[in-house]
2 protein chains.
Amino acid sequence: MTDERERNFWGWGYADRFPDQETRKAIGAQVGALLGVPPLEPREPPPLDTIVLRPPRFELPPALAHLSSSAPRDRITHTHGRSYRDLVRGFRGDFTLAPDWVAYPSSEDDISALLAWCSDAHIALIPYGGGTSVVGGVEPDIGPSYNGVIALDLRCFDRVLDVDPLSRVARIQAGARGPAIEAQLAPHGLTLRHYPQSFEFSTLGGWIATRAGGHFATLHTHIDDFVSSIRMLTPAGVYATRRLPASGAGPSPDRLALGSEGILGVITEAWLRVQARPRYRASASVAFPSFADGAAAARALAQSGLHPANCRLIDRTEMLLNGVAADGEAVLLLGFESADHPLDTWIHRALAITAEHRGRCPDGPKIRDDGERTAASAASTYRESFFQAPYLQTALVSLGVVVDTFETACPWDRFDALHTAVDTAVRGAGARALACRFTHVYPDGPAPYYTFLAPAEPGEELERWYAIRRAAADAVLATGGTITHHHAVGRLHRPWYDHERPDPFALALRAAKRALDPQGILNPGVLIDPEPR
Amino acid sequence: MTDERERNFWGWGYADRFPDQETRKAIGAQVGALLGVPPLEPREPPPLDTIVLRPPRFELPPALAHLSSSAPRDRITHTHGRSYRDLVRGFRGDFTLAPDWVAYPSSEDDISALLAWCSDAHIALIPYGGGTSVVGGVEPDIGPSYNGVIALDLRCFDRVLDVDPLSRVARIQAGARGPAIEAQLAPHGLTLRHYPQSFEFSTLGGWIATRAGGHFATLHTHIDDFVSSIRMLTPAGVYATRRLPASGAGPSPDRLALGSEGILGVITEAWLRVQARPRYRASASVAFPSFADGAAAARALAQSGLHPANCRLIDRTEMLLNGVAADGEAVLLLGFESADHPLDTWIHRALAITAEHRGRCPDGPKIRDDGERTAASAASTYRESFFQAPYLQTALVSLGVVVDTFETACPWDRFDALHTAVDTAVRGAGARALACRFTHVYPDGPAPYYTFLAPAEPGEELERWYAIRRAAADAVLATGGTITHHHAVGRLHRPWYDHERPDPFALALRAAKRALDPQGILNPGVLIDPEPR
């Protein structure tokens with residue numbers, strides 16, 4: 001169905017980037033030392049053609065069959081997202097949950113036909129963008145009441161359809177991935193600059209459906225704030241909002257679609273706020289004698305009104321994992337960017353603020369005004385490492401390491417208690433290493449992001465992993481955090497999401513779902529339970 | 001029920017600020033000249049005690065009667081908001097729609113008891129904050145299917161309950177008015193800085209329910225962006241969201257409450273993002289040879305990333321109405337403020353941008369770093385005039401002038417067409433003067449705000465007014481605007497709101513309403529039609 005570079009069917013990214021055995025052996029020795037266990041030995045995943053799938057449970061009518069596939073590779077690559085659990089199941093060759101069919105619609109009429117036929121036939125339909133969910137958001141774990149399940153892959157919706165350079169907005173199809181969006185905006189001198197870690201593979205529709213968090217560390221960072229309007233096909237009709245800079249007309253229809261995770265409709269396109277490509281940049285790496293000092297500086301910066309584009313605080317373990325060198329217990333990667341004005345005033349004031357909190361920046365700031373890519377610095381080392389991380393996780397899975405991330409956001413006054421509780425919970429559940437960074441900071445609180453590693457006996461990886469994740473989530477909820485700042489809810493976070501949201505909101509969401517998807521075919525089990533038939 | 005300074009029962013604000021006959025006579029001569037008609041003669045409203053009300057249609061049980069009133073003054077002052085239509089009806093002594101009772105609950109238990117009793121008795125309940133709606137949002141025009149109606153006045157919920165200075169958030173009760181909020185935050189060195197034109201009388205709960213627009217001309221300006229969490233009582237239970245800086249967990253529960261206009265529940269309190277009181281200020285008035293030049297400058301500023309706090313473009317007629325002197329066809333009132341840093345760099349870059357669009361600022365910027373109130377300037381003259389405007393409208397109603405405002409927001413590429421269409425429509429429907437300003441500007445579009453004046457034969461004011469408003473709203477919708485940027489929908493904007501929102505969103509909202517308010521008692525007719533019983 002596609003002629004692109006081959007993807008790893010069980011792990012992250014391109015197949016040719018899965019490290020060879022020798023490289024993984026070297027990683028296994030390093031990680032073993034970190035975890036206090038003997039060197040870890042690489043294992044191999046099963047060949048794709050040895051994987052056994054249940055036959056499709058139903059046939060499609062000809063009009064839908066011609067745009068769909070039940071070939072094993074299609075079904076296998078649409079079974080899981082890319083959570084740790086997904087990688088482990090994939091590595092074990094466990095694709096029990098494979099969808100019966102994968103549909104590749106190329107028009108809205110195709111999608112409407114799928115919605116109508118699935119509603120009639122009581123077939124579950126799972127909107128599928130890049131398949132990079134780390135919360136089981138696209139996994140066909142739909143329970144026994146459906147007659148089958150189709151993954152609806154939006155890859156044919158991959159274009160930037162319109163650009164309005166005056167209003168700086170662009171109409172973009174939902175299946176467009178990060179690099180394709182940037183490539184199509186670049187000739188206009190514009191950029192979306194939304195860089196979630198999944199950027200290489202994830203899609204605009206997925207970002208909207210999951211309220212993805214992006215590049216900017218302060219101010220507007222969730223995709224929510226870049227959406228000017230949304231077009232979503234529902235079984236009850238076309239949900240198309242008006243392209244507007246702002247409105248006060250009733251509850252925002254965009255905000256109901258944002259975060260709907262495929263349960264209300266299939267997002268097909270949206271108008272997005274884009275911006276001029278930055279020309280001026282100023283950056284600095286600031287070391288702190290303690291993480292608490294760095295956190296206080298990050299808070300002061302978030303409350304300063306300076307709006308740095310980058311303001312990422314990383315702790316000692318995070319530095320180690322990402323190859324960032326610095327003489328301190330925490331490093332703040334600080335950056336400003338602008339298409340309009342030089343940033344000397346901004347970076348100097350920001351550094352003054354960090355100095356008030358015992359921050360040291362011996363090399364001073366790097367200031368550029370040529371629009372060229374900033375030369376190698378701690379921040380760019382970190383950025384490269386940032387996009388490598390999912391590949392590394394995939395390699396670690398082949399070594400039997402339990403390695404995963406989770407994230408939250410909380411008010412500043414709750415952070416110390418939350419961090420202590422998380423650290424205690426995660427280590428108590430068996431993690432040997434825990435790294436923390438702030439991916440985003442707001443005037444009223446940070447978004448802490450955690451990475452943990454743990455050893456496990458072969459075959460017991462998922463039990464160990466879930467024990468740690470459960471302990472962490474309990475600790476986060478108990479101390480005032482949210483179950484997710486930007487990873488979404490999916491199937492993994494449901495128990496804590498149900499606790500976090502107000503009960504009457506659950507009633508309202510269930511009612512809205514019933515109104516838009518009366519047969520309950522769209523992504524059953526995500527956000528709310530399927531209704532009894 | 002209250003010992004406060006007496007309010008004008010039919011018009012805006014305090015009774016003692018309604019101008020005497022001589023003053024109004026002078027205004028009448030000026031406005032007559034502007035409209036090209038003979039001097040307008042002041043008329044007088046009826047004394048309150050001559051107004052005849054229908055007797056209450058029902059009795060309250062003792063537990064609710066003790067916190068309620070059916071005294072004529074209470075019922076009269078809770079009949080209307082403060083739209084032009086409301087002023088005219090009030091001035092004519094027409095209080096046909098008066099609620100049967102006004103309840104003044106002082107606890108959440110009181111509110112829950114009201115919700116339960118009204119649900120059982122099929123009595124409509126209208127949450128009432130400051131009563132400043134200009135769209136019929138609090139008017140008991142509920143149709144014939146209810147057994148009566150109660151206005152639920154939140155004035156007893158007027159306190160700031162908690163302040164977290166670290167996270168810079170405050171827990172504030174929904175009935176607190178603008179001045180009371182600022183007075184209670186000031187001892188903490190904090191401010192909400194949300195200044196809608198109704199600031200003196202409107203309440204936090206009203207701002208949230210209507211997505212009010214405030215002080216800031218760029219960046220965060222709707223109350224939506226200052227809300228960290230909301231507590232709302234619904235017939236189906238307590239809808240309380242978690243205090244968080246951000247979350248990606250499903251569609252935002254806050255965003256469903258924001259703009260719900262009293263149809264889903266009674267907002268009782270919220271955590272709001274507050275900020276340090278600004279110490280540094282920089283401002284300038286920039287004159288432009290044409291409104292189009294000023295608009296281009298405002299657009300460039302909105303897209304610059306400088307984030308001015310004030311960036312209000314006003315046209316020649318608006319200058320005249322507000323006593324702002326400038327040598328040009330448009331003036332941009334530009335201002336920056338910060339608690340953290342001097343603003344020289346910001347204002348100088350902003351003035352350079354305006355100069356690129358033929359802006360002239362002969363006096364240069366005014367820069368202060370003392371935290372004192374900025375001395376008189378075009379901007380502060382304008383601000384005073386801004387808060388006076390509703391008092392002036394009230395005086396003009398007593399002169400028989402048709403005078404009102406409406407507002408919208410649209411993409412930049414649509415503004416010229418929208419403005420031309422509005423001008424043609426409004427003048428075609430009989431307006432003799434039309435003033436335009438941008439109250440807010442976004443990277444992707446402005447929020448134009450219009451004031452119009454028209455003469456009318458005595459007794460025909462409302463027909464003239466509605467003909468103009470209808471023509472304007474049709475023009476706004478046809479050219480890509482929203483029916484409201486910050487005045488809300490209420491009952492006045494319903495026809496255009498129904499056209500603007502996606503049909504499936506209407507289905508979802510109706511379903512959510514049914515889930516939270518099964519008997520349909522809350523503010524019937526606003527946003528959606530009452531369901532048939």
# chains A, B, ... in the order shown; residues from 1 in each chain; ligands from 1
>>> interface_residues(of="chain B", to="chain A", cutoff="6 Å", atoms="only C-alpha atoms", output="PyMOL selection string")
chain B and resi 167-168+211+239-241+244-245+247-251+256+258-260+304+340+410-412+444-445+484-486+488-489+502+504+507-508+511-512+515
>>> residues_around(residues="range 40-53 of chain A", least_positions_apart="4", cutoff="10 Å", atoms="only C-alpha atoms", output="VMD selection string")
chain A and resid 8 to 11 20 to 33 72 to 73 75 to 76 88 90 to 100 395 to 401 455
>>> write_last_selection(atoms="C-alpha atoms", output="short mmCIF file (atom, residue, chain, number, x, y, z; two decimals), in the first residue's frame")
data_model
loop_
_atom_site.label_atom_id
_atom_site.label_comp_id
_atom_site.auth_asym_id
_atom_site.auth_seq_id
_atom_site.Cartn_x
_atom_site.Cartn_y
_atom_site.Cartn_z
CA ASN A 8 10.21 -1.54 11.90
CA PHE A 9 7.06 -3.61 12.30
CA TRP A 10 7.42 -4.02 16.07
CA GLY A 11 9.56 -1.07 17.23
CA ASP A 20 23.04 -4.37 14.78
CA GLN A 21 23.84 -6.99 17.37
CA GLU A 22 27.30 -5.68 18.12
CA THR A 23 26.05 -2.15 18.81
CA ARG A 24 23.29 -3.45 21.02
CA LYS A 25 25.80 -5.62 22.86
CA ALA A 26 27.80 -2.53 23.72
CA ILE A 27 24.64 -0.75 24.88
CA GLY A 28 23.77 -3.82 26.93
CA ALA A 29 27.09 -3.63 28.77
CA GLN A 30 26.64 0.08 29.58
CA VAL A 31 23.05 -0.27 30.70
CA GLY A 32 23.83 -3.36 32.74
CA ALA A 33 26.41 -1.33 34.63
CA PRO A 72 -0.41 -9.48 7.23
CA ARG A 73 2.11 -6.62 7.09
CA ARG A 75 -2.57 -5.67 9.85
CA ILE A 76 0.57 -6.19 11.94
CA VAL A 88 7.47 -5.78 24.08
CA GLY A 90 5.69 -6.76 19.11
CA PHE A 91 9.11 -8.13 19.99
CA ARG A 92 7.42 -11.27 21.28
CA GLY A 93 5.46 -11.59 18.03
CA ASP A 94 2.19 -11.07 19.87
CA PHE A 95 -0.24 -9.42 17.46
CA THR A 96 -3.38 -11.01 18.87
CA LEU A 97 -5.22 -7.70 18.64
CA ALA A 98 -4.56 -7.13 14.92
CA PRO A 99 -7.36 -5.32 13.11
CA ASP A 100 -9.27 -7.37 10.56
CA ALA A 395 17.12 -1.24 21.19
CA LEU A 396 16.76 -1.55 24.95
CA VAL A 397 13.64 -3.64 24.59
CA SER A 398 15.70 -6.13 22.59
CA LEU A 399 18.04 -6.25 25.62
CA GLY A 400 15.23 -7.03 28.02
CA VAL A 401 15.43 -3.70 29.82
CA PRO A 455 15.92 -4.83 35.13
#
>>> select_by_dssp(residues="range 288-373 of chain A", states="strand (DSSP E)", output="list in words")
Phe288, Asn310, Cys311, Arg312, Leu313, Ile314, Asp315, Ala330, Val331, Leu332, Leu333, Leu334, Gly335, Phe336, Glu337, Ser338, Lys366, Ile367 and Arg368 of chain A
>>> residues_around(residues="Leu67 in chain A", least_positions_apart="6", cutoff="8 Å", atoms="only C-alpha atoms", output="list in words")
Ala103, Tyr104 and Pro105 of chain A
>>> residues_around(residues="Gln393 in chain B", least_positions_apart="5", cutoff="8 Å", atoms="only C-alpha atoms", output="number ranges by chain")
B: 84, 403-404
>>> write_last_selection(atoms="all heavy atoms", output="compact mmCIF listing (two decimals), in the first residue's frame")
# COMPACT_ATOMS: atom_id res chain seq x y z
N TYR B 84 -28.84 47.46 24.57
CA TYR B 84 -29.65 48.61 24.15
C TYR B 84 -31.14 48.30 24.29
O TYR B 84 -31.91 49.09 24.81
CB TYR B 84 -29.33 48.99 22.69
CG TYR B 84 -30.25 50.05 22.16
CD1 TYR B 84 -30.08 51.38 22.53
CD2 TYR B 84 -31.32 49.72 21.33
CE1 TYR B 84 -30.95 52.37 22.07
CE2 TYR B 84 -32.18 50.69 20.86
CZ TYR B 84 -31.99 52.01 21.24
OH TYR B 84 -32.87 52.98 20.79
N VAL B 403 -28.41 53.73 19.80
CA VAL B 403 -26.95 53.70 19.94
C VAL B 403 -26.55 52.35 20.52
O VAL B 403 -27.06 51.93 21.56
CB VAL B 403 -26.43 54.85 20.81
CG1 VAL B 403 -27.16 54.91 22.14
CG2 VAL B 403 -24.93 54.76 21.04
N ASP B 404 -25.67 51.67 19.83
CA ASP B 404 -25.29 50.35 20.31
C ASP B 404 -23.93 49.97 19.73
O ASP B 404 -23.37 50.68 18.89
CB ASP B 404 -26.35 49.32 19.89
CG ASP B 404 -26.31 48.05 20.75
OD1 ASP B 404 -25.61 48.03 21.78
OD2 ASP B 404 -26.98 47.08 20.37
>>> select_by_dssp(residues="range 277-469 of chain A", states="helix (DSSP H, G or I)", output="ChimeraX atom specification")
/A:291-302,316-322,344-356,378-397,412-428,461-469
>>> atom_distance(atom1="CA of Val102 in chain B", atom2="CA of His66 in chain B")
11.0 Å
